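Below is the file protein17.tsv, which contains TSV, C-alpha atoms.
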```
chain	number	residue	atom	x	y	z
A	27	MET	CA	-40.00	-17.51	28.66
A	28	PRO	CA	-38.84	-21.15	28.30
A	29	ARG	CA	-35.16	-21.66	27.67
A	30	LEU	CA	-35.82	-23.53	24.42
A	31	LEU	CA	-37.85	-20.62	23.04
A	32	LYS	CA	-35.16	-18.11	24.08
A	33	ALA	CA	-32.48	-20.17	22.34
A	34	THR	CA	-34.60	-20.46	19.19
A	35	LEU	CA	-35.21	-16.70	19.03
A	36	ALA	CA	-31.50	-16.02	19.54
A	37	LEU	CA	-30.59	-18.31	16.65
A	38	ILE	CA	-33.15	-16.60	14.43
A	39	ALA	CA	-31.71	-13.16	15.30
A	40	ILE	CA	-28.16	-14.33	14.54
A	41	GLY	CA	-29.33	-15.77	11.25
A	42	LEU	CA	-31.00	-12.50	10.26
A	43	MET	CA	-27.87	-10.50	11.12
A	44	ALA	CA	-25.66	-12.84	9.09
A	45	GLY	CA	-28.06	-12.63	6.17
A	46	THR	CA	-27.94	-8.84	6.29
A	47	VAL	CA	-24.12	-8.83	6.23
A	48	VAL	CA	-23.99	-11.30	3.31
A	49	LEU	CA	-26.61	-9.34	1.37
A	50	GLY	CA	-24.74	-6.08	1.99
A	51	ARG	CA	-21.54	-7.63	0.70
A	52	ALA	CA	-23.34	-8.98	-2.34
A	53	TYR	CA	-24.68	-5.53	-3.21
A	54	ARG	CA	-21.28	-3.93	-2.65
A	55	ASP	CA	-19.38	-6.53	-4.67
A	56	ALA	CA	-21.94	-6.48	-7.46
A	57	GLY	CA	-21.36	-2.75	-7.77
A	58	ARG	CA	-17.61	-3.25	-8.01
A	59	THR	CA	-17.94	-5.81	-10.78
A	60	GLY	CA	-20.63	-3.97	-12.72
A	61	GLY	CA	-23.27	-6.53	-11.76
A	62	PRO	CA	-26.98	-5.94	-11.93
A	63	LEU	CA	-27.64	-5.21	-8.25
A	64	ILE	CA	-26.07	-1.79	-7.70
A	65	GLN	CA	-23.54	0.54	-9.35
A	66	ILE	CA	-21.08	2.17	-6.94
A	67	PRO	CA	-19.44	5.27	-8.48
A	68	THR	CA	-15.66	5.29	-8.74
A	69	THR	CA	-14.14	7.75	-6.27
A	70	VAL	CA	-10.84	9.61	-6.30
A	71	ALA	CA	-9.73	7.39	-3.40
A	72	ASP	CA	-10.36	4.33	-5.59
A	73	LEU	CA	-8.21	5.81	-8.34
A	74	SER	CA	-5.45	6.81	-5.91
A	75	ALA	CA	-5.27	3.20	-4.72
A	76	ARG	CA	-4.26	1.99	-8.17
A	77	PRO	CA	-0.51	1.35	-8.39
A	78	LEU	CA	1.60	3.40	-10.78
A	79	ALA	CA	2.76	1.48	-13.84
A	80	LEU	CA	5.06	4.03	-15.44
A	81	PRO	CA	7.92	2.96	-17.74
A	82	GLN	CA	11.45	2.96	-16.36
A	83	PRO	CA	14.00	3.75	-19.07
A	84	GLY	CA	17.44	2.42	-18.40
A	85	LEU	CA	20.61	4.46	-18.18
A	86	GLY	CA	21.36	5.77	-21.67
A	87	ASP	CA	17.97	4.75	-23.08
A	88	PRO	CA	15.97	7.42	-24.92
A	89	CYS	CA	12.91	8.89	-23.28
A	90	PRO	CA	9.96	6.71	-24.45
A	91	ALA	CA	7.88	9.74	-25.44
A	92	THR	CA	4.23	9.24	-26.36
A	93	PRO	CA	3.41	10.15	-29.98
A	94	PHE	CA	1.33	13.22	-30.68
A	95	SER	CA	-2.30	12.88	-31.71
A	96	ASP	CA	-4.91	14.83	-33.62
A	97	ILE	CA	-8.35	15.26	-32.06
A	98	ASP	CA	-11.64	16.45	-33.50
A	99	VAL	CA	-12.92	18.96	-31.00
A	100	HIS	CA	-14.47	22.40	-31.48
A	101	TYR	CA	-12.19	24.62	-29.43
A	102	GLY	CA	-11.21	28.24	-29.93
A	103	GLY	CA	-12.81	28.37	-33.37
A	104	ALA	CA	-10.98	25.27	-34.58
A	105	SER	CA	-12.65	21.95	-35.25
A	106	HIS	CA	-9.46	19.90	-35.38
A	107	LEU	CA	-6.48	20.14	-33.02
A	108	SER	CA	-3.07	18.75	-33.94
A	109	ASN	CA	-0.04	17.82	-31.86
A	110	VAL	CA	-1.75	17.12	-28.58
A	111	LEU	CA	-0.05	14.59	-26.34
A	112	GLY	CA	-1.69	11.28	-25.52
A	113	GLY	CA	-3.58	8.46	-27.14
A	114	GLY	CA	-6.91	9.10	-25.42
A	115	PRO	CA	-9.33	9.36	-23.88
A	116	VAL	CA	-7.35	12.16	-22.16
A	117	TYR	CA	-5.03	14.53	-24.03
A	118	GLY	CA	-2.81	17.43	-23.03
A	119	THR	CA	-0.74	20.26	-24.41
A	120	GLY	CA	1.29	22.95	-22.71
A	121	SER	CA	4.56	24.82	-22.25
A	122	PRO	CA	6.70	26.22	-19.42
A	123	THR	CA	5.41	29.58	-18.24
A	124	SER	CA	7.04	30.31	-14.86
A	125	PHE	CA	10.44	29.77	-13.26
A	126	THR	CA	11.28	29.93	-9.56
A	127	ALA	CA	14.23	29.07	-7.34
A	128	TRP	CA	12.57	25.65	-6.82
A	129	GLY	CA	11.99	24.78	-10.49
A	130	ARG	CA	9.72	25.44	-13.45
A	131	TYR	CA	5.98	25.37	-13.98
A	132	TYR	CA	3.91	24.47	-17.01
A	133	ARG	CA	0.48	25.73	-17.94
A	134	VAL	CA	-1.20	22.63	-19.36
A	135	LEU	CA	-4.48	22.32	-21.19
A	136	TYR	CA	-6.13	18.93	-20.64
A	137	PHE	CA	-8.92	17.57	-22.83
A	138	THR	CA	-11.22	14.66	-21.98
A	139	SER	CA	-13.20	12.96	-24.71
A	140	PRO	CA	-16.98	12.42	-24.58
A	141	THR	CA	-16.40	8.82	-23.47
A	142	VAL	CA	-15.06	9.94	-20.08
A	143	SER	CA	-17.38	10.06	-17.09
A	144	GLY	CA	-16.52	10.57	-13.44
A	145	PRO	CA	-13.20	11.81	-12.07
A	146	VAL	CA	-9.83	11.44	-13.79
A	147	LEU	CA	-6.76	11.28	-11.54
A	148	VAL	CA	-3.43	12.53	-12.89
A	149	ARG	CA	-0.12	11.56	-11.26
A	150	GLY	CA	3.37	12.20	-12.64
A	151	ARG	CA	7.00	11.27	-12.07
A	152	ASP	CA	10.36	12.18	-13.53
A	153	LEU	CA	11.23	8.84	-15.14
A	154	ARG	CA	14.97	9.25	-14.58
A	155	THR	CA	15.14	10.75	-11.10
A	156	GLY	CA	11.89	9.38	-9.63
A	157	ARG	CA	10.90	12.84	-8.36
A	158	GLN	CA	7.21	13.73	-8.34
A	159	VAL	CA	5.64	16.08	-10.80
A	160	ILE	CA	3.65	18.45	-8.59
A	161	PHE	CA	0.42	20.35	-9.17
A	162	VAL	CA	-0.67	23.73	-7.85
A	163	GLY	CA	-3.77	25.88	-8.04
A	164	ASP	CA	-7.04	24.79	-9.60
A	165	PHE	CA	-7.74	21.04	-9.55
A	166	ALA	CA	-4.62	20.20	-7.50
A	167	GLU	CA	-5.53	17.64	-4.84
A	168	GLY	CA	-3.99	14.84	-2.79
A	169	ALA	CA	-1.20	15.29	-0.27
A	170	VAL	CA	0.64	18.59	0.15
A	171	VAL	CA	4.30	17.81	-0.59
A	172	GLY	CA	5.81	21.29	-0.53
A	173	SER	CA	5.27	24.98	-1.20
A	174	ASP	CA	6.68	27.71	-3.41
A	175	VAL	CA	6.17	31.35	-4.35
A	176	LEU	CA	4.61	31.58	-7.79
A	177	ALA	CA	3.69	34.91	-9.40
A	178	GLY	CA	4.15	36.61	-6.04
A	179	SER	CA	1.83	34.29	-4.11
A	180	ARG	CA	2.58	31.37	-1.82
A	181	VAL	CA	1.21	28.15	-3.33
A	182	GLN	CA	0.94	24.62	-2.01
A	183	GLN	CA	2.36	21.81	-4.12
A	184	HIS	CA	0.15	18.72	-4.34
A	185	ASP	CA	0.94	15.25	-5.62
A	186	GLU	CA	-2.29	14.73	-7.62
A	187	LEU	CA	-4.51	16.49	-10.12
A	188	VAL	CA	-8.22	15.68	-10.44
A	189	LEU	CA	-10.30	16.44	-13.53
A	190	ASN	CA	-14.02	15.96	-13.05
A	191	ALA	CA	-16.51	16.92	-15.75
A	192	GLY	CA	-18.93	19.52	-14.48
A	193	ARG	CA	-16.76	20.48	-11.51
A	194	GLY	CA	-14.61	23.35	-12.70
A	195	GLY	CA	-13.93	22.17	-16.22
A	196	VAL	CA	-15.40	23.81	-19.31
A	197	LYS	CA	-17.49	21.97	-21.86
A	198	VAL	CA	-16.05	23.16	-25.16
A	199	ASP	CA	-17.81	20.96	-27.67
A	200	PRO	CA	-21.47	19.94	-28.10
A	201	ALA	CA	-20.30	16.34	-28.48
A	202	GLY	CA	-19.13	16.32	-24.86
A	203	TRP	CA	-15.46	17.34	-24.84
A	204	TRP	CA	-14.27	19.04	-21.63
A	205	THR	CA	-11.12	21.02	-20.97
A	206	TRP	CA	-9.16	22.17	-17.92
A	207	HIS	CA	-6.31	24.67	-17.46
A	208	ALA	CA	-3.91	23.18	-14.92
A	209	THR	CA	-0.50	24.12	-13.54
A	210	GLN	CA	2.14	21.49	-12.89
A	211	GLY	CA	5.78	21.78	-11.98
A	212	VAL	CA	9.12	19.99	-11.84
A	213	PRO	CA	12.19	20.80	-9.72
A	214	GLY	CA	15.21	22.51	-11.21
A	215	GLU	CA	17.21	19.27	-11.43
A	216	ALA	CA	14.51	17.49	-13.45
A	217	SER	CA	15.69	15.32	-16.32
A	218	GLY	CA	13.18	16.38	-18.97
A	219	CYS	CA	11.52	12.95	-19.28
A	220	TYR	CA	8.23	12.74	-17.42
A	221	GLY	CA	5.66	9.98	-17.15
A	222	PHE	CA	2.01	10.55	-16.30
A	223	GLN	CA	-0.64	8.03	-15.33
A	224	LEU	CA	-4.21	9.13	-15.95
A	225	ASP	CA	-6.78	6.92	-14.25
A	226	GLY	CA	-10.51	7.03	-14.88
A	227	GLU	CA	-13.45	4.85	-14.05
A	228	ASP	CA	-12.82	2.37	-16.87
A	229	PHE	CA	-9.33	3.20	-18.17
A	230	SER	CA	-5.72	3.78	-17.20
A	231	GLU	CA	-3.65	5.81	-19.67
A	232	ILE	CA	0.13	6.30	-19.66
A	233	VAL	CA	1.59	9.41	-21.26
A	234	VAL	CA	5.33	10.18	-21.46
A	235	ALA	CA	6.36	13.75	-22.21
A	236	GLN	CA	9.78	15.06	-23.14
A	237	GLU	CA	10.78	18.57	-22.09
A	238	SER	CA	10.72	19.84	-25.67
A	239	SER	CA	7.16	18.55	-26.17
A	240	LEU	CA	5.56	20.30	-23.18
```
Could you express the structure from this file as structure tokens?
Amino acid sequence: MPRLLKATLALIAIGLMAGTVVLGRAYRDAGRTGGPLIQIPTTVADLSARPLALPQPGLGDPCPATPFSDIDVHYGGASHLSNVLGGGPVYGTGSPTSFTAWGRYYRVLYFTSPTVSGPVLVRGRDLRTGRQVIFVGDFAEGAVVGSDVLAGSRVQQHDELVLNAGRGGVKVDPAGWWTWHATQGVPGEASGCYGFQLDGEDFSEIVVAQESSL
């Protein structure tokens, strides 16, 4: 084969490869920006990559607790729930249920509104000490940061909680409300002022809970 023809074919091959790379990037980037080419679902890894933007109260400042809300959801025979924490689209309510040598655990009921699709990542911190709020049992994911004995069983403490409609949650309302029972804990020296960041596909919600409101 003549050298000129070989060189021409090589250039064509390089051009095709470059075009494939550019086109692949275009499809990927269009999905990230909601463009018309392709829609790439948001993953838990995407949500974990978002930085935390929790408030940081100064020394002596009050805990910037999130106001309670009322939600219209058919749950447990009621069509309207009062005093749930959060401004939406995710809400929570709970109370301490277990105490160990390490700390205390809360049984929390999370609700997601019909507008939520895909996974919701929950991360928490003690706003005064910086310690992590940990999660155990159902829906606890992320890194294992410790262990404890809870109700006579050894449990692993994780740094994230993942709520994903259709994957373990319960649809409690024909309109599309879902709920999850989750267990989260704080160490014994916790301050009682906790911030949570709840990240979903198209939202990031900050909720601050005081000890008396959990």
Problem set entry | Polymer residues at most 12 Å from Phe229 of chain A, all atoms listed in the file, same-chain spacing of 4 or more positions, as a PyMOL selection string | chain A and resi 68+73+76+113-116+141-147+223-225
Take the residues from that selection and write them out as a compact mmCIF listing (two decimals), in the coordinates of the input, keeping C-alpha atoms.
```
# COMPACT_ATOMS: atom_id res chain seq x y z
CA THR A 68 -15.66 5.29 -8.74
CA LEU A 73 -8.21 5.81 -8.34
CA ARG A 76 -4.26 1.99 -8.17
CA GLY A 113 -3.58 8.46 -27.14
CA GLY A 114 -6.91 9.10 -25.42
CA PRO A 115 -9.33 9.36 -23.88
CA VAL A 116 -7.35 12.16 -22.16
CA THR A 141 -16.40 8.82 -23.47
CA VAL A 142 -15.06 9.94 -20.08
CA SER A 143 -17.38 10.06 -17.09
CA GLY A 144 -16.52 10.57 -13.44
CA PRO A 145 -13.20 11.81 -12.07
CA VAL A 146 -9.83 11.44 -13.79
CA LEU A 147 -6.76 11.28 -11.54
CA GLN A 223 -0.64 8.03 -15.33
CA LEU A 224 -4.21 9.13 -15.95
CA ASP A 225 -6.78 6.92 -14.25
```
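Picture a line from atom CA of Ser105 of chain A to atom CA of Gly226 of chain A; it runs 25.3 Å.
Shortest separation to Gly202 of chain A among A:Ala235, A:Val99, A:Leu78, A:Leu135 occurs at residue A:Val99, atoms counted being only C-alpha atoms.
Minimum atom-to-atom distance to Leu176 of chain A, evaluated using all atoms listed in the file, belongs to A:Phe125 out of A:Trp204, A:Phe161, A:Tyr101, A:Phe125.
Reported to one decimal place, the separation of atom CA of Arg151 of chain A from atom CA of Gly163 of chain A is 18.6 Å.
Atom pair atom CA of Val196 of chain A / atom CA of Glu231 of chain A: separated by 21.5 Å.
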Exercise. Taking (13.8, 13.9, -11.1) in the file's coordinates, which residues come within 10 Å, counting all atoms listed in the file, written as a PyMOL selection string?
Worked result: chain A and resi 151-159+212-220
